[in-house]
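Notes to accompany the following structure.
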Amino acid sequence: MAQFTLPRDIFHGEGALEQLKGLKGSKAVIVTGGGSMRRGGFLERTEKYLQEAGMETLLFEGVEPDPSVETVMRGAAAMTEFQPDWIVAIGGGSPIDAAKAMWAFYEYPDVTFEDLCIPFNFPTLRTKAKFCAIPSTSGTATEVTAFSVITDYAKGVKYPLADFNITPDVAVVDPEIAYTMPAKLCAHTGMDAMTHSIEAYVSTAACNFTDADAVWSIELIHDWLVKSYEGDKEARRQMHDAQCLAGMAFSNALLGIVHSMAHKTGAAFSGGHIIHGAANAMYLPRVIQYNARDPRAAERYADIARRLHLSGDTTEELVASLVAELRHMNDELNIPQAIKYYGEGGLPAETSIIDEAEFLEKLPQVAELAIGDACTGSNPRIPTQEEMEKLLKCVYYDIDVDF
């Protein structure tokens, strides 16, 4: 038996934000990030529509990229004081992810963060509030997923929280909010979405319901991402839908070790963060090479290549074509191919911000944490400690995987 869970309502297309006027409640807390939603006028419109729905509103602003445990606890405290019956999160994946965790602590003040880090161990939510998510970027799809990623900066670890309880009740997928995305953000979030789709399609938990969303989102992302990066408005609209479809797929089929590695390398090194979408883009081709030793995964990768009209007659040739195409997309999107070339802001550079000596020193611990990540269990192959260390070296030095 499997489960397929989505929000009760997904409002999509230009003007979808106005559907907030139809929410029923008395108080709404609005969780958002660093100010782009305010500058674009979307925060004001969100407040206005909720107030037209008859709700008193409270703003919780300033959620940082890679939201922290401390921010989550501050937000939960604000909710406890305000007592909202709707939590409305607007912005990129960070404020939405943070708001999901705040939601749990608001409803269950005595729960511990360690409790929530156990996959599918959340208490029953909606005892106090419902949740509405409004994404401003086209990648994380957290508006339709059962996942949240929170960073413990003291430990240098990103925690993926997983439970169908935190799937939002309402998602508003309005492409107008994504039209102003900076090109680099468009690239990174877009390759995050591509990784979601591909990992969902080869996941051991994939099924007919998730496959339908995964394969169509892969085709859309392949067709539209580079054009979206270049600023094409229609491409931005298509990508906003595509990333949501990718989220529907992976929220139910789960992910794999591309995300396990991205979670555990993102905040591990003193030189700076490895941006999540850039990490996925760099690691995905090498993980495909690793997973292709599994016959079912290899055939599914080959099927993706056929759907994208890539060259190859054999499964092996088609898998190689898919790897080459993804690396070509990285080049077009100005994303590095390996950690060795990862510069400031996730741009290609001759000298990486991630020191080689520090990387090698921390390699055993990072590998162990990646194996223990919640996303590893649904990967086609479960790596040993030795294999994960070798795989991480491949993504650092840009080496083909042959094991």
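So you can find residues: chains in the structure tokens are A, B, ... in the order shown, residues in each start at 1, and ligands are numbered from 1 in order.
Backbone DSSP assigns strand (DSSP E or B) in range 111-351 of chain A to A:Lys130, A:Phe131, A:Cys132, A:Ala133, A:Ile134, A:Pro135, A:Phe147, A:Ser148, A:Val149, A:Ile150, A:Thr151, A:Asp152, A:Val157, A:Lys158, A:Tyr159, A:Pro160, A:Leu161, A:Ala162, A:Val170, A:Ala171, A:Val172, A:Val173, A:Tyr342, A:Pro348.
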May I have the residues from that selection written out with N, CA, C and O atoms, as an mmCIF file, in the first residue's frame?
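Contents of the output file result.cif:
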```cif
data_model
loop_
_atom_site.group_PDB
_atom_site.id
_atom_site.type_symbol
_atom_site.label_atom_id
_atom_site.label_comp_id
_atom_site.auth_asym_id
_atom_site.auth_seq_id
_atom_site.Cartn_x
_atom_site.Cartn_y
_atom_site.Cartn_z
ATOM 1 N N LYS A 130 -4.579 25.965 9.778
ATOM 2 C CA LYS A 130 -4.320 25.400 8.460
ATOM 3 C C LYS A 130 -3.177 26.171 7.807
ATOM 4 O O LYS A 130 -2.771 27.226 8.297
ATOM 5 N N PHE A 131 -2.694 25.661 6.680
ATOM 6 C CA PHE A 131 -1.463 26.186 6.091
ATOM 7 C C PHE A 131 -1.665 26.476 4.601
ATOM 8 O O PHE A 131 -2.177 25.640 3.855
ATOM 9 N N CYS A 132 -1.249 27.676 4.187
ATOM 10 C CA CYS A 132 -1.290 28.080 2.780
ATOM 11 C C CYS A 132 0.117 28.486 2.346
ATOM 12 O O CYS A 132 0.776 29.273 3.037
ATOM 13 N N ALA A 133 0.587 27.956 1.225
ATOM 14 C CA ALA A 133 1.936 28.237 0.737
ATOM 15 C C ALA A 133 1.873 28.906 -0.629
ATOM 16 O O ALA A 133 1.126 28.475 -1.512
ATOM 17 N N ILE A 134 2.700 29.958 -0.792
ATOM 18 C CA ILE A 134 2.719 30.733 -2.028
ATOM 19 C C ILE A 134 4.175 30.858 -2.485
ATOM 20 O O ILE A 134 4.935 31.671 -1.957
ATOM 21 N N PRO A 135 4.620 30.051 -3.455
ATOM 22 C CA PRO A 135 6.028 30.078 -3.853
ATOM 23 C C PRO A 135 6.355 31.239 -4.774
ATOM 24 O O PRO A 135 5.572 31.600 -5.662
ATOM 25 N N PHE A 147 7.751 17.969 2.895
ATOM 26 C CA PHE A 147 9.133 18.125 3.332
ATOM 27 C C PHE A 147 9.433 19.569 3.734
ATOM 28 O O PHE A 147 8.805 20.513 3.268
ATOM 29 N N SER A 148 10.455 19.707 4.564
ATOM 30 C CA SER A 148 11.000 20.991 4.965
ATOM 31 C C SER A 148 12.469 20.763 5.288
ATOM 32 O O SER A 148 12.834 19.697 5.800
ATOM 33 N N VAL A 149 13.314 21.742 4.972
ATOM 34 C CA VAL A 149 14.739 21.626 5.289
ATOM 35 C C VAL A 149 15.119 22.780 6.210
ATOM 36 O O VAL A 149 14.966 23.945 5.856
ATOM 37 N N ILE A 150 15.618 22.435 7.384
ATOM 38 C CA ILE A 150 16.009 23.415 8.403
ATOM 39 C C ILE A 150 17.481 23.191 8.734
ATOM 40 O O ILE A 150 17.940 22.051 8.832
ATOM 41 N N THR A 151 18.224 24.291 8.937
ATOM 42 C CA THR A 151 19.664 24.203 9.175
ATOM 43 C C THR A 151 20.005 24.442 10.641
ATOM 44 O O THR A 151 19.540 25.419 11.242
ATOM 45 N N ASP A 152 20.799 23.536 11.180
ATOM 46 C CA ASP A 152 21.393 23.734 12.500
ATOM 47 C C ASP A 152 22.809 24.247 12.260
ATOM 48 O O ASP A 152 23.718 23.484 11.961
ATOM 49 N N VAL A 157 24.729 21.199 9.935
ATOM 50 C CA VAL A 157 23.945 20.123 9.327
ATOM 51 C C VAL A 157 22.594 20.671 8.882
ATOM 52 O O VAL A 157 21.967 21.457 9.593
ATOM 53 N N LYS A 158 22.147 20.225 7.695
ATOM 54 C CA LYS A 158 20.795 20.519 7.239
ATOM 55 C C LYS A 158 19.909 19.311 7.543
ATOM 56 O O LYS A 158 20.245 18.183 7.196
ATOM 57 N N TYR A 159 18.774 19.581 8.184
ATOM 58 C CA TYR A 159 17.855 18.514 8.539
ATOM 59 C C TYR A 159 16.655 18.516 7.599
ATOM 60 O O TYR A 159 15.875 19.467 7.590
ATOM 61 N N PRO A 160 16.463 17.458 6.815
ATOM 62 C CA PRO A 160 15.230 17.353 6.032
ATOM 63 C C PRO A 160 14.122 16.771 6.903
ATOM 64 O O PRO A 160 14.226 15.648 7.395
ATOM 65 N N LEU A 161 13.082 17.548 7.135
ATOM 66 C CA LEU A 161 11.926 17.071 7.880
ATOM 67 C C LEU A 161 10.938 16.468 6.891
ATOM 68 O O LEU A 161 10.707 17.027 5.821
ATOM 69 N N ALA A 162 10.347 15.345 7.259
ATOM 70 C CA ALA A 162 9.480 14.638 6.322
ATOM 71 C C ALA A 162 8.258 14.097 7.042
ATOM 72 O O ALA A 162 8.388 13.289 7.968
ATOM 73 N N VAL A 170 -3.463 24.514 1.170
ATOM 74 C CA VAL A 170 -3.701 25.313 -0.033
ATOM 75 C C VAL A 170 -2.355 25.735 -0.611
ATOM 76 O O VAL A 170 -1.460 26.161 0.123
ATOM 77 N N ALA A 171 -2.212 25.608 -1.922
ATOM 78 C CA ALA A 171 -1.038 26.119 -2.630
ATOM 79 C C ALA A 171 -1.505 27.134 -3.663
ATOM 80 O O ALA A 171 -2.475 26.887 -4.384
ATOM 81 N N VAL A 172 -0.813 28.264 -3.725
ATOM 82 C CA VAL A 172 -1.114 29.295 -4.723
ATOM 83 C C VAL A 172 0.106 29.398 -5.636
ATOM 84 O O VAL A 172 1.149 29.914 -5.232
ATOM 85 N N VAL A 173 -0.030 28.889 -6.854
ATOM 86 C CA VAL A 173 1.089 28.817 -7.799
ATOM 87 C C VAL A 173 0.851 29.874 -8.880
ATOM 88 O O VAL A 173 0.372 29.586 -9.975
ATOM 89 N N TYR A 342 33.555 25.382 -7.704
ATOM 90 C CA TYR A 342 32.416 26.093 -7.135
ATOM 91 C C TYR A 342 32.883 27.410 -6.506
ATOM 92 O O TYR A 342 33.565 27.429 -5.478
ATOM 93 N N PRO A 348 30.773 29.344 -11.539
ATOM 94 C CA PRO A 348 32.016 28.637 -11.848
ATOM 95 C C PRO A 348 33.234 29.504 -11.531
ATOM 96 O O PRO A 348 33.226 30.718 -11.724
#
```
| said: If we count only C-alpha atoms and set the cut-off at 8 Å, which residues sit around Leu391 in chain A, ignoring sequence neighbours fewer than 3 positions away in its own chain? Please answer as number ranges by chain. | reply: A: 286-287, 290, 387-388, 394-395, 401
Could those residues be written to a file, using N, CA, C and O atoms, as an mmCIF file, in the first residue's frame?
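Produced file part-v2.cif, reproduced below:
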```
data_model
loop_
_atom_site.group_PDB
_atom_site.id
_atom_site.type_symbol
_atom_site.label_atom_id
_atom_site.label_comp_id
_atom_site.auth_asym_id
_atom_site.auth_seq_id
_atom_site.Cartn_x
_atom_site.Cartn_y
_atom_site.Cartn_z
ATOM 1 N N ARG A 286 26.659 12.548 -11.706
ATOM 2 C CA ARG A 286 27.500 11.498 -11.111
ATOM 3 C C ARG A 286 26.657 10.450 -10.395
ATOM 4 O O ARG A 286 26.969 9.251 -10.435
ATOM 5 N N VAL A 287 25.593 10.865 -9.756
ATOM 6 C CA VAL A 287 24.714 9.902 -9.097
ATOM 7 C C VAL A 287 24.003 9.034 -10.129
ATOM 8 O O VAL A 287 23.799 7.827 -9.910
ATOM 9 N N TYR A 290 26.294 6.367 -10.947
ATOM 10 C CA TYR A 290 26.356 5.386 -9.851
ATOM 11 C C TYR A 290 25.109 4.502 -9.845
ATOM 12 O O TYR A 290 25.193 3.264 -9.768
ATOM 13 N N GLU A 387 31.732 3.578 -0.620
ATOM 14 C CA GLU A 387 31.166 4.062 -1.878
ATOM 15 C C GLU A 387 30.745 5.525 -1.784
ATOM 16 O O GLU A 387 30.964 6.296 -2.724
ATOM 17 N N MET A 388 30.161 5.916 -0.658
ATOM 18 C CA MET A 388 29.748 7.310 -0.521
ATOM 19 C C MET A 388 30.953 8.232 -0.498
ATOM 20 O O MET A 388 30.933 9.318 -1.106
ATOM 21 N N CYS A 394 34.168 12.047 -6.352
ATOM 22 C CA CYS A 394 33.847 12.244 -7.775
ATOM 23 C C CYS A 394 33.162 13.582 -8.012
ATOM 24 O O CYS A 394 33.444 14.255 -9.011
ATOM 25 N N VAL A 395 32.276 13.989 -7.097
ATOM 26 C CA VAL A 395 31.587 15.259 -7.296
ATOM 27 C C VAL A 395 32.475 16.432 -6.895
ATOM 28 O O VAL A 395 32.205 17.563 -7.293
ATOM 29 N N VAL A 401 31.972 8.168 -12.529
ATOM 30 C CA VAL A 401 31.756 7.113 -11.552
ATOM 31 C C VAL A 401 31.743 5.764 -12.268
ATOM 32 O O VAL A 401 31.005 5.574 -13.233
#
```
Taking the DSSP assignment computed from this structure's backbone, write out as a short mmCIF file (atom, residue, chain, number, x, y, z; two decimals) with all heavy atoms, in the first residue's frame all residues of range 67-150 of chain A that belong to alpha helix (DSSP H).
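Output file selection.cif is given in full below:
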```cif
data_model
loop_
_atom_site.label_atom_id
_atom_site.label_comp_id
_atom_site.auth_asym_id
_atom_site.auth_seq_id
_atom_site.Cartn_x
_atom_site.Cartn_y
_atom_site.Cartn_z
N VAL A 69 17.23 26.78 12.97
CA VAL A 69 16.44 26.30 14.09
C VAL A 69 15.97 27.48 14.93
O VAL A 69 14.81 27.53 15.39
CB VAL A 69 17.28 25.33 14.95
CG1 VAL A 69 16.54 24.96 16.24
CG2 VAL A 69 17.63 24.08 14.16
N GLU A 70 16.85 28.48 15.13
CA GLU A 70 16.50 29.63 15.96
C GLU A 70 15.35 30.43 15.36
O GLU A 70 14.44 30.88 16.07
CB GLU A 70 17.73 30.54 16.14
CG GLU A 70 18.82 29.94 17.00
CD GLU A 70 19.66 28.88 16.27
OE1 GLU A 70 19.58 28.80 15.03
OE2 GLU A 70 20.38 28.13 16.97
N THR A 71 15.36 30.63 14.02
CA THR A 71 14.28 31.35 13.36
C THR A 71 12.96 30.61 13.50
O THR A 71 11.90 31.21 13.74
CB THR A 71 14.61 31.55 11.87
OG1 THR A 71 15.75 32.41 11.76
CG2 THR A 71 13.45 32.18 11.11
N VAL A 72 13.01 29.30 13.37
CA VAL A 72 11.80 28.49 13.54
C VAL A 72 11.21 28.69 14.93
O VAL A 72 9.99 28.89 15.09
CB VAL A 72 12.13 27.00 13.31
CG1 VAL A 72 10.98 26.10 13.79
CG2 VAL A 72 12.41 26.74 11.83
N MET A 73 12.05 28.68 15.95
CA MET A 73 11.54 28.81 17.31
C MET A 73 10.99 30.21 17.58
O MET A 73 9.99 30.38 18.29
CB MET A 73 12.64 28.47 18.31
CG MET A 73 13.18 27.04 18.18
SD MET A 73 11.91 25.76 18.02
CE MET A 73 11.13 25.86 19.61
N ARG A 74 11.62 31.25 16.99
CA ARG A 74 11.09 32.61 17.14
C ARG A 74 9.72 32.73 16.48
O ARG A 74 8.79 33.36 17.02
CB ARG A 74 12.05 33.64 16.53
CG ARG A 74 13.30 33.90 17.36
CD ARG A 74 14.05 35.14 16.87
NE ARG A 74 14.51 35.02 15.50
CZ ARG A 74 13.96 35.64 14.46
NH1 ARG A 74 12.92 36.44 14.63
NH2 ARG A 74 14.46 35.48 13.24
N GLY A 75 9.58 32.14 15.30
CA GLY A 75 8.30 32.18 14.61
C GLY A 75 7.21 31.44 15.35
O GLY A 75 6.06 31.91 15.44
N ALA A 76 7.56 30.30 15.92
CA ALA A 76 6.59 29.54 16.70
C ALA A 76 6.12 30.33 17.91
O ALA A 76 4.94 30.32 18.28
CB ALA A 76 7.18 28.19 17.11
N ALA A 77 7.06 31.05 18.54
CA ALA A 77 6.70 31.87 19.71
C ALA A 77 5.75 32.99 19.30
O ALA A 77 4.78 33.30 20.02
CB ALA A 77 7.96 32.45 20.34
N ALA A 78 6.00 33.62 18.14
CA ALA A 78 5.10 34.68 17.66
C ALA A 78 3.71 34.13 17.38
O ALA A 78 2.70 34.77 17.67
CB ALA A 78 5.69 35.32 16.40
N MET A 79 3.65 32.92 16.82
CA MET A 79 2.36 32.30 16.55
C MET A 79 1.63 31.97 17.84
O MET A 79 0.40 32.14 17.95
CB MET A 79 2.56 31.02 15.72
CG MET A 79 3.03 31.28 14.30
SD MET A 79 3.33 29.73 13.40
CE MET A 79 4.06 30.37 11.89
N THR A 80 2.36 31.49 18.83
CA THR A 80 1.75 31.14 20.11
C THR A 80 1.09 32.37 20.73
O THR A 80 0.00 32.30 21.32
CB THR A 80 2.80 30.55 21.06
OG1 THR A 80 3.32 29.35 20.48
CG2 THR A 80 2.21 30.24 22.42
N GLU A 81 1.73 33.53 20.59
CA GLU A 81 1.18 34.76 21.14
C GLU A 81 -0.02 35.24 20.34
O GLU A 81 -1.03 35.70 20.91
CB GLU A 81 2.25 35.84 21.18
CG GLU A 81 1.78 37.15 21.79
CD GLU A 81 2.89 38.18 21.91
OE1 GLU A 81 4.08 37.83 21.71
OE2 GLU A 81 2.57 39.35 22.19
N PHE A 82 0.05 35.11 19.00
CA PHE A 82 -1.00 35.66 18.12
C PHE A 82 -2.19 34.71 17.95
O PHE A 82 -3.30 35.15 17.71
CB PHE A 82 -0.37 35.97 16.76
CG PHE A 82 -1.29 36.65 15.78
CD1 PHE A 82 -1.82 37.91 16.04
CD2 PHE A 82 -1.63 36.03 14.58
CE1 PHE A 82 -2.67 38.54 15.12
CE2 PHE A 82 -2.46 36.64 13.65
CZ PHE A 82 -2.98 37.90 13.93
N GLY A 93 11.65 28.80 -1.10
CA GLY A 93 11.50 27.62 -0.27
C GLY A 93 11.80 27.86 1.19
O GLY A 93 11.22 27.22 2.07
N SER A 94 12.67 28.83 1.48
CA SER A 94 13.10 29.04 2.87
C SER A 94 11.97 29.48 3.79
O SER A 94 11.76 28.86 4.84
CB SER A 94 14.26 30.03 2.90
OG SER A 94 15.39 29.50 2.24
N PRO A 95 11.23 30.55 3.49
CA PRO A 95 10.14 30.92 4.40
C PRO A 95 9.04 29.88 4.49
O PRO A 95 8.44 29.69 5.56
CB PRO A 95 9.62 32.25 3.84
CG PRO A 95 10.13 32.33 2.46
CD PRO A 95 11.40 31.56 2.42
N ILE A 96 8.78 29.18 3.39
CA ILE A 96 7.74 28.15 3.44
C ILE A 96 8.21 26.98 4.29
O ILE A 96 7.46 26.45 5.14
CB ILE A 96 7.34 27.70 2.02
CG1 ILE A 96 6.78 28.89 1.23
CG2 ILE A 96 6.30 26.58 2.09
CD1 ILE A 96 6.48 28.59 -0.23
N ASP A 97 9.45 26.54 4.10
CA ASP A 97 10.00 25.46 4.92
C ASP A 97 10.00 25.85 6.40
O ASP A 97 9.64 25.06 7.27
CB ASP A 97 11.42 25.13 4.48
CG ASP A 97 11.47 24.21 3.28
OD1 ASP A 97 10.41 23.95 2.68
OD2 ASP A 97 12.57 23.74 2.93
N ALA A 98 10.45 27.08 6.67
CA ALA A 98 10.50 27.54 8.06
C ALA A 98 9.11 27.55 8.68
O ALA A 98 8.91 27.12 9.82
CB ALA A 98 11.13 28.93 8.14
N ALA A 99 8.12 28.04 7.91
CA ALA A 99 6.76 28.13 8.43
C ALA A 99 6.18 26.75 8.74
O ALA A 99 5.41 26.58 9.68
CB ALA A 99 5.88 28.88 7.43
N LYS A 100 6.55 25.76 7.94
CA LYS A 100 6.08 24.39 8.21
C LYS A 100 6.56 23.91 9.58
O LYS A 100 5.81 23.30 10.35
CB LYS A 100 6.57 23.43 7.12
CG LYS A 100 5.88 23.57 5.78
CD LYS A 100 6.47 22.57 4.79
CE LYS A 100 5.75 22.58 3.45
NZ LYS A 100 6.33 21.62 2.49
N ALA A 101 7.84 24.16 9.85
CA ALA A 101 8.38 23.75 11.16
C ALA A 101 7.79 24.58 12.29
O ALA A 101 7.48 24.05 13.37
CB ALA A 101 9.90 23.85 11.14
N MET A 102 7.60 25.89 12.04
CA MET A 102 6.95 26.74 13.05
C MET A 102 5.57 26.19 13.40
O MET A 102 5.15 26.20 14.57
CB MET A 102 6.80 28.17 12.52
CG MET A 102 8.10 28.92 12.31
SD MET A 102 7.75 30.50 11.45
CE MET A 102 9.42 31.04 11.04
N TRP A 103 4.86 25.76 12.40
CA TRP A 103 3.51 25.21 12.55
C TRP A 103 3.50 24.08 13.58
O TRP A 103 2.65 24.04 14.47
CB TRP A 103 3.07 24.71 11.19
CG TRP A 103 1.68 24.24 11.01
CD1 TRP A 103 0.60 24.45 11.83
CD2 TRP A 103 1.20 23.47 9.90
NE1 TRP A 103 -0.52 23.87 11.29
CE2 TRP A 103 -0.19 23.25 10.12
CE3 TRP A 103 1.78 22.95 8.76
CZ2 TRP A 103 -0.97 22.52 9.23
CZ3 TRP A 103 1.01 22.24 7.85
CH2 TRP A 103 -0.35 22.02 8.09
N ALA A 104 4.47 23.18 13.46
CA ALA A 104 4.53 22.04 14.39
C ALA A 104 4.76 22.50 15.82
O ALA A 104 4.10 22.03 16.76
CB ALA A 104 5.63 21.09 13.95
N PHE A 105 5.69 23.45 16.00
CA PHE A 105 5.99 23.92 17.35
C PHE A 105 4.87 24.79 17.92
O PHE A 105 4.66 24.85 19.13
CB PHE A 105 7.32 24.67 17.37
CG PHE A 105 8.51 23.77 17.26
CD1 PHE A 105 9.22 23.67 16.07
CD2 PHE A 105 8.91 23.00 18.34
CE1 PHE A 105 10.32 22.84 15.97
CE2 PHE A 105 10.01 22.15 18.25
CZ PHE A 105 10.72 22.06 17.06
N TYR A 106 4.14 25.48 17.04
CA TYR A 106 2.98 26.26 17.48
C TYR A 106 1.90 25.33 18.04
O TYR A 106 1.33 25.59 19.10
CB TYR A 106 2.45 27.07 16.30
CG TYR A 106 1.07 27.66 16.46
CD1 TYR A 106 0.70 28.37 17.61
CD2 TYR A 106 0.12 27.53 15.44
CE1 TYR A 106 -0.57 28.93 17.75
CE2 TYR A 106 -1.15 28.08 15.56
CZ TYR A 106 -1.50 28.77 16.72
OH TYR A 106 -2.75 29.32 16.84
N GLU A 107 1.63 24.26 17.35
CA GLU A 107 0.57 23.36 17.78
C GLU A 107 1.01 22.44 18.91
O GLU A 107 0.19 21.99 19.72
CB GLU A 107 0.05 22.55 16.59
CG GLU A 107 -0.54 23.43 15.49
CD GLU A 107 -1.63 22.74 14.69
OE1 GLU A 107 -1.96 21.58 14.98
OE2 GLU A 107 -2.16 23.39 13.76
N PHE A 113 12.92 19.31 18.53
CA PHE A 113 13.41 19.28 17.16
C PHE A 113 13.93 17.88 16.80
O PHE A 113 13.78 17.42 15.67
CB PHE A 113 14.51 20.32 16.96
CG PHE A 113 14.71 20.72 15.53
CD1 PHE A 113 13.86 21.65 14.93
CD2 PHE A 113 15.70 20.16 14.76
CE1 PHE A 113 14.03 22.02 13.61
CE2 PHE A 113 15.88 20.51 13.43
CZ PHE A 113 15.05 21.43 12.86
N GLU A 114 14.51 17.21 17.78
CA GLU A 114 15.01 15.86 17.55
C GLU A 114 13.86 14.91 17.20
O GLU A 114 14.01 14.02 16.35
CB GLU A 114 15.76 15.35 18.79
CG GLU A 114 17.11 16.01 19.02
CD GLU A 114 17.03 17.47 19.44
OE1 GLU A 114 15.98 17.87 20.00
OE2 GLU A 114 17.99 18.22 19.18
N ASP A 115 12.70 15.12 17.83
CA ASP A 115 11.52 14.30 17.50
C ASP A 115 11.12 14.49 16.04
O ASP A 115 10.83 13.52 15.33
CB ASP A 115 10.33 14.69 18.38
CG ASP A 115 10.52 14.31 19.84
OD1 ASP A 115 11.29 13.36 20.10
OD2 ASP A 115 9.91 14.97 20.69
N LEU A 116 11.12 15.74 15.58
CA LEU A 116 10.67 16.05 14.23
C LEU A 116 11.65 15.58 13.17
O LEU A 116 11.27 15.42 12.00
CB LEU A 116 10.42 17.55 14.08
CG LEU A 116 9.38 18.17 15.02
CD1 LEU A 116 9.21 19.64 14.70
CD2 LEU A 116 8.05 17.43 14.93
#
```
| Which residues, written as a PyMOL selection string, have at least one atom at most 7 Å from range 319-326 of chain A, with only C-alpha atoms counted and residues fewer than 4 positions away on the same chain left out? | chain A and resi 285+298+301-302+305+310-312+315+330
| task | Considering only C-alpha atoms, state which residue in the set A:Leu245, A:Leu185, A:Ile166, A:Ile382 is at the smallest distance from Asp294 in chain A. | result | A:Ile382
| request: Give me the residues within 12 Å of Leu220 in chain A as a PyMOL selection string, counting only C-alpha atoms and dropping any in the same chain fewer than 3 places off. | output: chain A and resi 190+193-194+197+213-217+223-228+234-246+307-308
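Restricting the calculation to only C-alpha atoms, the smallest distance between Phe403 in chain A and any of A:Gly247, A:Asn291, A:Phe122, A:Lys24 is found for A:Asn291.
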| Hey, can you check how far CA of Lys264 in chain A sits from CA of Ala141 in chain A? |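 According to the coordinates, CA of Lys264 in chain A and CA of Ala141 in chain A are separated by 20.1 Å.
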| Rounded to one decimal in Å, what is the spacing between CA of Glu332 in chain A and CA of Leu284 in chain A? |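 Between these atoms lies a distance of 15.9 Å.
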| CA of Lys27 in chain A to CA of Asp85 in chain A: how many Å, to one decimal? | 5.6 Å
| message | as a ChimeraX atom specification, please: the residues near Thr265 in chain A (cut-off 8 Å, only C-alpha atoms, same-chain neighbours under 3 positions excluded). | response | /A:261-262,268-269,274,366
